[in-house]
>>> print(open('protein.tsv').read())   # TSV, C-alpha atoms
chain	number	residue	atom	x	y	z
A	1	MET	CA	179.65	199.74	75.15
A	2	ARG	CA	180.29	199.87	78.89
A	3	LEU	CA	183.63	200.38	80.59
A	4	ASP	CA	183.47	196.82	81.94
A	5	ASP	CA	183.06	195.46	78.41
A	6	LEU	CA	186.20	197.27	77.22
A	7	VAL	CA	188.21	195.83	80.09
A	8	GLN	CA	186.84	192.33	79.48
A	9	GLU	CA	187.82	192.45	75.81
A	10	ASN	CA	191.38	193.47	76.61
A	11	TYR	CA	191.91	191.53	79.84
A	12	ASP	CA	194.61	189.28	78.36
A	13	ARG	CA	196.80	192.29	77.64
A	14	MET	CA	196.64	193.81	81.11
A	15	ASN	CA	199.66	193.79	83.42
A	16	ALA	CA	199.90	194.09	87.23
A	17	ASN	CA	199.61	197.90	87.20
A	18	ASP	CA	196.59	197.72	84.91
A	19	HIS	CA	194.91	195.31	87.32
A	20	ARG	CA	195.68	197.63	90.24
A	21	ILE	CA	194.10	200.59	88.43
A	22	TRP	CA	191.05	198.63	87.34
A	23	GLN	CA	190.44	197.20	90.82
A	24	TYR	CA	190.40	200.71	92.28
A	25	ILE	CA	188.06	202.01	89.57
A	26	CYS	CA	185.68	199.04	90.06
A	27	HIS	CA	185.24	199.77	93.75
A	28	HIS	CA	185.29	203.58	93.58
A	29	ARG	CA	183.40	204.52	90.43
A	30	GLU	CA	181.60	207.50	91.95
A	31	GLU	CA	184.81	208.89	93.44
A	32	CYS	CA	186.65	208.43	90.12
A	33	ARG	CA	184.05	210.59	88.35
A	34	LYS	CA	185.31	213.55	90.43
A	35	MET	CA	189.03	212.76	90.33
A	36	SER	CA	191.67	214.36	88.16
A	37	LEU	CA	194.27	212.25	86.39
A	38	ARG	CA	196.81	213.16	89.03
A	39	GLN	CA	194.50	212.17	91.89
A	40	LEU	CA	193.67	208.81	90.33
A	41	SER	CA	197.34	208.03	89.73
A	42	GLU	CA	198.16	208.89	93.37
A	43	VAL	CA	195.49	206.66	94.93
A	44	CYS	CA	196.52	203.81	92.63
A	45	GLU	CA	200.20	204.44	93.47
A	46	VAL	CA	201.23	204.57	89.82
A	47	SER	CA	202.35	207.35	87.50
A	48	GLN	CA	199.97	209.42	85.40
A	49	THR	CA	201.60	207.92	82.31
A	50	THR	CA	200.75	204.44	83.58
A	51	VAL	CA	197.09	205.42	83.98
A	52	LEU	CA	197.00	206.85	80.46
A	53	ARG	CA	198.62	203.69	79.10
A	54	PHE	CA	195.92	201.63	80.80
A	55	LEU	CA	193.21	203.79	79.20
A	56	GLN	CA	194.90	203.47	75.82
A	57	LEU	CA	195.05	199.69	76.30
A	58	ILE	CA	191.25	199.54	76.63
A	59	HIS	CA	190.87	201.79	73.59
A	60	MET	CA	190.12	205.09	75.32
A	61	GLU	CA	191.25	208.27	73.59
A	62	GLY	CA	192.21	209.96	76.83
A	63	TYR	CA	191.20	210.83	80.38
A	64	ASN	CA	188.19	212.87	79.29
A	65	ASP	CA	186.93	209.87	77.34
A	66	PHE	CA	187.29	207.79	80.50
A	67	LYS	CA	185.28	210.32	82.54
A	68	ALA	CA	182.57	210.28	79.88
A	69	PHE	CA	182.30	206.48	80.13
A	70	LEU	CA	181.99	206.71	83.91
A	71	LYS	CA	179.18	209.26	83.55
A	72	TRP	CA	177.41	207.14	80.94
A	73	ASP	CA	177.59	204.06	83.18
A	74	SER	CA	176.14	206.02	86.08
A	75	LEU	CA	173.10	207.01	83.99
A	76	ASN	CA	172.36	203.38	83.19
A	77	GLN	CA	171.34	202.05	86.55
A	78	PRO	CA	170.22	198.42	86.89
A	79	SER	CA	166.69	197.70	85.71
A	80	LEU	CA	166.43	193.96	86.27
A	81	ASN	CA	162.98	192.46	86.67
A	82	GLN	CA	161.57	189.14	87.78
A	83	HIS	CA	161.19	187.93	84.20
A	84	SER	CA	164.93	188.40	83.56
A	85	ILE	CA	165.77	186.33	86.62
A	86	GLU	CA	163.31	183.60	85.65
A	87	GLN	CA	164.66	183.49	82.09
A	88	ASN	CA	168.21	183.19	83.36
A	89	SER	CA	167.19	180.31	85.66
A	90	PHE	CA	165.46	178.61	82.73
A	91	ASN	CA	168.64	178.87	80.64
A	92	LEU	CA	170.69	177.34	83.45
A	93	THR	CA	168.25	174.45	83.65
A	94	ARG	CA	168.51	173.93	79.88
A	95	THR	CA	172.30	173.91	80.19
A	96	ILE	CA	172.24	171.24	82.90
A	97	THR	CA	169.91	169.07	80.83
A	98	SER	CA	172.08	169.51	77.75
A	99	ILE	CA	175.34	168.44	79.42
A	100	GLN	CA	173.61	165.55	81.19
A	101	GLN	CA	172.37	164.19	77.87
A	102	ALA	CA	175.55	164.89	75.87
A	103	ASP	CA	177.45	161.88	74.55
A	104	CYS	CA	181.01	162.68	75.64
A	105	SER	CA	182.54	159.25	75.01
A	106	GLU	CA	184.76	160.44	72.16
A	107	LEU	CA	186.02	163.38	74.21
A	108	PHE	CA	186.74	161.12	77.19
A	109	PHE	CA	188.56	158.64	74.94
A	110	ARG	CA	190.66	161.51	73.60
A	111	MET	CA	191.41	162.70	77.14
A	112	ASP	CA	192.66	159.24	78.11
A	113	GLN	CA	194.85	159.01	75.00
A	114	ALA	CA	196.28	162.55	75.24
A	115	GLU	CA	199.70	163.20	76.68
A	116	ARG	CA	198.55	166.58	78.01
A	117	LEU	CA	195.32	168.47	78.63
A	118	TYR	CA	195.11	172.26	78.34
A	119	ALA	CA	192.50	174.95	79.03
A	120	TYR	CA	192.33	178.54	77.85
A	121	GLY	CA	189.74	181.20	78.71
A	122	SER	CA	189.19	184.36	76.67
A	123	GLY	CA	188.36	186.65	79.62
A	124	ALA	CA	188.47	187.03	83.41
A	125	VAL	CA	185.37	184.92	84.11
A	126	GLN	CA	186.38	182.32	81.53
A	127	LYS	CA	189.84	182.00	83.11
A	128	SER	CA	188.24	181.51	86.54
A	129	VAL	CA	186.07	178.70	85.19
A	130	ALA	CA	189.11	177.09	83.56
A	131	LYS	CA	190.91	177.12	86.92
A	132	ALA	CA	187.88	175.60	88.63
A	133	PHE	CA	187.81	172.93	85.91
A	134	LYS	CA	191.45	172.16	86.70
A	135	ASN	CA	190.58	171.64	90.37
A	136	TYR	CA	187.63	169.40	89.49
A	137	LEU	CA	189.82	167.24	87.25
A	138	ILE	CA	192.17	166.54	90.15
A	139	LEU	CA	189.33	164.39	91.51
A	140	ALA	CA	189.62	162.33	88.32
A	141	GLU	CA	193.42	162.14	88.70
A	142	LYS	CA	193.93	164.28	85.60
A	143	LEU	CA	196.34	167.20	85.29
A	144	LEU	CA	195.14	170.23	83.34
A	145	HIS	CA	197.53	172.95	82.19
A	146	ILE	CA	196.04	176.46	82.29
A	147	ILE	CA	197.09	178.86	79.53
A	148	GLU	CA	197.21	182.53	80.57
A	149	GLY	CA	198.29	185.51	78.49
A	150	ALA	CA	199.85	185.94	75.07
A	151	GLU	CA	203.29	184.56	75.95
A	152	GLU	CA	201.85	181.42	77.54
A	153	ARG	CA	199.67	180.83	74.49
A	154	ILE	CA	202.77	180.65	72.32
A	155	MET	CA	204.75	178.55	74.82
A	156	ALA	CA	201.90	176.09	75.28
A	157	MET	CA	201.34	175.70	71.55
A	158	ASN	CA	205.04	174.96	71.04
A	159	GLN	CA	204.83	172.20	73.68
A	160	MET	CA	201.64	170.63	72.35
A	161	LYS	CA	201.71	167.38	70.45
A	162	GLU	CA	199.27	165.86	68.03
A	163	GLY	CA	196.44	164.27	70.00
A	164	ASP	CA	196.62	166.59	72.99
A	165	VAL	CA	193.25	167.97	74.13
A	166	VAL	CA	192.56	171.69	74.56
A	167	PHE	CA	189.43	173.10	76.23
A	168	LEU	CA	188.51	176.62	75.05
A	169	PHE	CA	186.20	178.69	77.28
A	170	SER	CA	184.39	181.60	75.63
A	171	VAL	CA	181.05	183.33	76.14
A	172	SER	CA	180.27	184.53	72.63
A	173	GLY	CA	182.44	182.12	70.66
A	174	ASN	CA	183.43	185.05	68.43
A	175	ASN	CA	186.49	186.39	70.23
A	176	PRO	CA	189.09	187.07	67.47
A	177	VAL	CA	192.12	186.24	69.64
A	178	MET	CA	190.56	182.99	70.83
A	179	ASN	CA	189.48	181.93	67.36
A	180	ASP	CA	192.83	182.71	65.74
A	181	TYR	CA	194.45	180.58	68.42
A	182	ALA	CA	191.95	177.78	67.77
A	183	LYS	CA	192.84	177.81	64.07
A	184	ALA	CA	196.54	177.52	64.86
A	185	LEU	CA	195.92	174.68	67.32
A	186	ARG	CA	193.74	172.80	64.88
A	187	ASP	CA	196.51	172.97	62.27
A	188	LYS	CA	198.83	171.45	64.88
A	189	GLY	CA	196.58	168.39	65.20
A	190	VAL	CA	195.28	168.84	68.74
A	191	PHE	CA	191.70	167.91	69.69
A	192	LEU	CA	189.70	171.08	70.39
A	193	THR	CA	186.70	171.25	72.71
A	194	SER	CA	184.75	174.49	73.05
A	195	ILE	CA	182.60	175.57	75.97
A	196	CYS	CA	180.65	178.58	74.69
A	197	GLN	CA	177.10	179.81	74.28
A	198	ASP	CA	174.64	177.90	72.15
A	199	GLY	CA	174.06	179.08	68.60
A	200	ALA	CA	176.02	179.94	65.49
A	201	ASN	CA	179.51	181.15	66.33
A	202	ASP	CA	182.96	180.77	64.81
A	203	LEU	CA	184.54	178.89	67.71
A	204	SER	CA	182.06	176.01	67.62
A	205	LYS	CA	182.80	175.58	63.91
A	206	LEU	CA	186.55	175.42	64.55
A	207	CYS	CA	186.38	172.83	67.33
A	208	HIS	CA	186.00	169.07	67.06
A	209	PHE	CA	183.66	168.85	70.05
A	210	CYS	CA	181.32	171.50	71.46
A	211	LEU	CA	179.63	171.80	74.84
A	212	PRO	CA	177.18	174.71	74.60
A	213	PHE	CA	175.53	176.60	77.43
A	214	PHE	CA	172.34	178.58	77.07
A	215	THR	CA	172.27	182.29	77.76
A	216	GLN	CA	170.81	185.52	76.45
A	217	LYS	CA	171.34	189.19	77.01
A	218	ILE	CA	170.07	190.42	80.37
A	219	ASP	CA	169.29	194.13	80.28
A	220	ILE	CA	170.55	195.97	83.34
A	221	GLY	CA	170.44	199.56	82.11
A	222	HIS	CA	167.92	202.03	80.69
A	223	ALA	CA	169.84	202.29	77.41
A	224	GLY	CA	169.94	198.59	76.73
A	225	THR	CA	173.19	197.92	78.57
A	226	GLY	CA	173.39	194.28	79.50
A	227	PHE	CA	175.47	191.18	79.90
A	228	TYR	CA	175.35	187.51	79.05
A	229	SER	CA	175.33	185.13	81.99
A	230	SER	CA	178.32	182.79	81.92
A	231	ALA	CA	177.28	180.64	84.90
A	232	GLY	CA	176.50	177.81	82.50
A	233	MET	CA	180.21	177.36	81.82
A	234	LEU	CA	180.83	176.39	85.43
A	235	LEU	CA	177.89	173.99	85.41
A	236	ILE	CA	179.31	172.31	82.31
A	237	ALA	CA	182.82	172.09	83.80
A	238	GLU	CA	181.60	170.45	87.00
A	239	THR	CA	179.15	168.06	85.33
A	240	LEU	CA	181.67	167.12	82.66
A	241	VAL	CA	184.14	165.95	85.29
A	242	LEU	CA	181.45	163.90	87.07
A	243	LYS	CA	180.55	162.28	83.76
A	244	TYR	CA	184.22	161.59	83.06
A	245	ILE	CA	184.72	159.93	86.46
A	246	THR	CA	181.68	157.74	85.78
A	247	TYR	CA	183.08	156.88	82.34
A	248	LYS	CA	186.54	156.16	83.73
A	249	TYR	CA	185.45	153.76	86.45
A	250	GLN	CA	182.57	152.02	84.74
A	251	GLU	CA	182.79	148.45	83.46
A	252	PRO	CA	185.01	148.11	80.33
A	253	SER	CA	183.00	148.89	77.25
A	254	HIS	CA	183.50	149.62	73.58
A	255	SER	CA	186.12	152.30	72.94
A	256	PRO	CA	185.81	154.38	69.78
A	257	SER	CA	187.68	152.89	66.86
A	258	LEU	CA	190.26	154.83	64.94
A	259	SER	CA	187.75	155.45	62.17
A	260	GLU	CA	185.29	156.86	64.68
A	261	THR	CA	187.82	159.24	66.21
A	262	ASN	CA	189.54	160.61	63.13
A	263	ILE	CA	189.75	164.41	63.35
>>> encode(input="protein.tsv", output="structure tokens")
Amino acid sequence: MRLDDLVQENYDRMNANDHRIWQYICHHREECRKMSLRQLSEVCEVSQTTVLRFLQLIHMEGYNDFKAFLKWDSLNQPSLNQHSIEQNSFNLTRTITSIQQADCSELFFRMDQAERLYAYGSGAVQKSVAKAFKNYLILAEKLLHIIEGAEERIMAMNQMKEGDVVFLFSVSGNNPVMNDYAKALRDKGVFLTSICQDGANDLSKLCHFCLPFFTQKIDIGHAGTGFYSSAGMLLIAETLVLKYITYKYQEPSHSPSLSETNI
């Protein structure tokens, strides 16, 4: 596993100092390989203890473990090829087609009936897409509440009422924190919509409505290091809002009956 993957998995638990340290490391990886713990703490303007706490947060055993990860990452230089780029473009096209053809009438009916709409992302990219989704929904005169961090998850859940709609953004659909939260929300009677990759995953099984995007591992290192493109999430968020605006302002039509919308 790469250093970036460890940070992504524990992003929700990071505080302001952790973000400061990670931002420096991201932009100075080669320099960090040669730095001592004291030097890194000085350039980040934090204490050595704070750096070690950050490393412990992302499940590193110590500073030597961190240096080993930096060395390992440096040995796995990008090895993208034209086929990888073409495959990624094909998956994005499949995602666009999928959301265009999706019947979202029940979701839109739920959105109109809900007192509040919420969105929660399981990582940095997912949170960014959720915020973009919020901005898109302003065009449809809808307010979306963004949930960030552990404390806000609890506060938001306490405020939610039966019938509220929650959008859950995840790449894999198998994030334990996200899925535990989904279970708790489902028990509360809210309507759950997942935006995660296509295929069998726990999140899609927990949610009432699923909007999948297509992706696959793109190898970028000699040892099989890779990532899963999450660009499809943004395509879904934007297209979903356009579909909702069309739904909202079209001629009055049949709304789902209570029997059709039972959770």
>>> closest_residue(input="protein.tsv", among="A:Ser128, A:Gln159, A:Asn91, A:Ser170", to="Arg116 of chain A", atoms="all atoms listed in the file")
A:Gln159
>>> closest_atom_pairs(input="protein.tsv", of="segment 131-173 of chain A", to="segment 189-209 of chain A", cutoff="7 Å", atoms="only C-alpha atoms", output="JSON lines")
{"residue": "A:Lys161", "atom": "CA", "partner": "A:Val190", "partner_atom": "CA", "distance": 6.8}
{"residue": "A:Glu162", "atom": "CA", "partner": "A:Gly189", "partner_atom": "CA", "distance": 4.7}
{"residue": "A:Gly163", "atom": "CA", "partner": "A:Val190", "partner_atom": "CA", "distance": 4.9}
{"residue": "A:Asp164", "atom": "CA", "partner": "A:Val190", "partner_atom": "CA", "distance": 5.0}
{"residue": "A:Val165", "atom": "CA", "partner": "A:Phe191", "partner_atom": "CA", "distance": 4.7}
{"residue": "A:Val166", "atom": "CA", "partner": "A:Leu192", "partner_atom": "CA", "distance": 5.1}
{"residue": "A:Phe167", "atom": "CA", "partner": "A:Thr193", "partner_atom": "CA", "distance": 4.8}
{"residue": "A:Leu168", "atom": "CA", "partner": "A:Ser194", "partner_atom": "CA", "distance": 4.8}
{"residue": "A:Phe169", "atom": "CA", "partner": "A:Ile195", "partner_atom": "CA", "distance": 4.9}
{"residue": "A:Ser170", "atom": "CA", "partner": "A:Cys196", "partner_atom": "CA", "distance": 4.9}
{"residue": "A:Val171", "atom": "CA", "partner": "A:Cys196", "partner_atom": "CA", "distance": 5.0}
{"residue": "A:Ser172", "atom": "CA", "partner": "A:Gln197", "partner_atom": "CA", "distance": 5.9}
{"residue": "A:Gly173", "atom": "CA", "partner": "A:Leu203", "partner_atom": "CA", "distance": 4.9}
>>> closest_residue(input="protein.tsv", among="A:Ser89, A:Arg33, A:Asp103, A:Ala124", to="Arg13 of chain A", atoms="all atoms listed in the file")
A:Ala124
>>> atom_distance(input="protein.tsv", atom1="atom CA of Met157 of chain A", atom2="atom CA of Ala16 of chain A")
24.2 Å
>>> closest_residue(input="protein.tsv", among="A:Phe90, A:Gln39, A:Lys131, A:His28", to="Ala237 of chain A", atoms="only C-alpha atoms")
A:Lys131
>>> atom_distance(input="protein.tsv", atom1="atom CA of Val46 of chain A", atom2="atom CA of His19 of chain A")
11.5 Å
>>> build_atoms(input="protein.tsv", residues="segment 184-211 of chain A", atoms="N, CA and C atoms", output="short mmCIF file (atom, residue, chain, number, x, y, z; two decimals), keeping the file's coordinate frame")
data_model
loop_
_atom_site.label_atom_id
_atom_site.label_comp_id
_atom_site.auth_asym_id
_atom_site.auth_seq_id
_atom_site.Cartn_x
_atom_site.Cartn_y
_atom_site.Cartn_z
N ALA A 184 195.15 177.95 64.80
CA ALA A 184 196.54 177.52 64.86
C ALA A 184 196.67 176.16 65.55
N LEU A 185 195.88 175.95 66.59
CA LEU A 185 195.92 174.68 67.32
C LEU A 185 195.37 173.55 66.46
N ARG A 186 194.33 173.84 65.73
CA ARG A 186 193.74 172.80 64.88
C ARG A 186 194.75 172.35 63.82
N ASP A 187 195.48 173.31 63.26
CA ASP A 187 196.51 172.97 62.27
C ASP A 187 197.60 172.10 62.88
N LYS A 188 197.79 172.21 64.19
CA LYS A 188 198.83 171.45 64.88
C LYS A 188 198.39 170.02 65.17
N GLY A 189 197.08 169.75 65.02
CA GLY A 189 196.58 168.39 65.20
C GLY A 189 196.08 168.07 66.58
N VAL A 190 195.83 169.10 67.41
CA VAL A 190 195.28 168.84 68.74
C VAL A 190 193.76 168.71 68.65
N PHE A 191 193.15 168.10 69.66
CA PHE A 191 191.70 167.91 69.69
C PHE A 191 191.09 169.06 70.47
N LEU A 192 190.25 169.86 69.80
CA LEU A 192 189.70 171.08 70.39
C LEU A 192 188.29 170.86 70.89
N THR A 193 188.03 171.29 72.12
CA THR A 193 186.70 171.25 72.71
C THR A 193 186.31 172.65 73.16
N SER A 194 185.19 173.15 72.67
CA SER A 194 184.75 174.49 73.05
C SER A 194 183.64 174.42 74.09
N ILE A 195 183.68 175.36 75.02
CA ILE A 195 182.60 175.57 75.97
C ILE A 195 182.18 177.01 75.78
N CYS A 196 181.11 177.22 75.01
CA CYS A 196 180.65 178.58 74.69
C CYS A 196 179.13 178.56 74.52
N GLN A 197 178.55 179.74 74.34
CA GLN A 197 177.10 179.81 74.28
C GLN A 197 176.54 179.10 73.05
N ASP A 198 175.33 178.62 73.22
CA ASP A 198 174.64 177.90 72.15
C ASP A 198 174.36 178.84 70.98
N GLY A 199 174.37 178.29 69.79
CA GLY A 199 174.06 179.08 68.60
C GLY A 199 175.22 179.13 67.63
N ALA A 200 174.99 179.84 66.53
CA ALA A 200 176.02 179.94 65.49
C ALA A 200 177.14 180.86 65.95
N ASN A 201 178.34 180.34 66.02
CA ASN A 201 179.51 181.15 66.33
C ASN A 201 180.73 180.49 65.71
N ASP A 202 181.77 181.26 65.51
CA ASP A 202 182.96 180.77 64.81
C ASP A 202 183.71 179.70 65.59
N LEU A 203 183.76 179.83 66.92
CA LEU A 203 184.54 178.89 67.71
C LEU A 203 183.98 177.47 67.61
N SER A 204 182.67 177.33 67.69
CA SER A 204 182.06 176.01 67.62
C SER A 204 182.34 175.33 66.28
N LYS A 205 182.50 176.13 65.23
CA LYS A 205 182.80 175.58 63.91
C LYS A 205 184.25 175.12 63.81
N LEU A 206 185.12 175.74 64.59
CA LEU A 206 186.55 175.42 64.55
C LEU A 206 186.90 174.19 65.38
N CYS A 207 186.06 173.89 66.39
CA CYS A 207 186.38 172.83 67.33
C CYS A 207 185.81 171.48 66.89
N HIS A 208 186.44 170.43 67.39
CA HIS A 208 186.00 169.07 67.06
C HIS A 208 184.82 168.65 67.93
N PHE A 209 184.73 169.22 69.12
CA PHE A 209 183.66 168.85 70.05
C PHE A 209 183.19 170.11 70.75
N CYS A 210 181.87 170.27 70.88
CA CYS A 210 181.32 171.50 71.46
C CYS A 210 180.38 171.17 72.61
N LEU A 211 180.52 171.92 73.69
CA LEU A 211 179.63 171.80 74.84
C LEU A 211 178.99 173.17 75.06
#
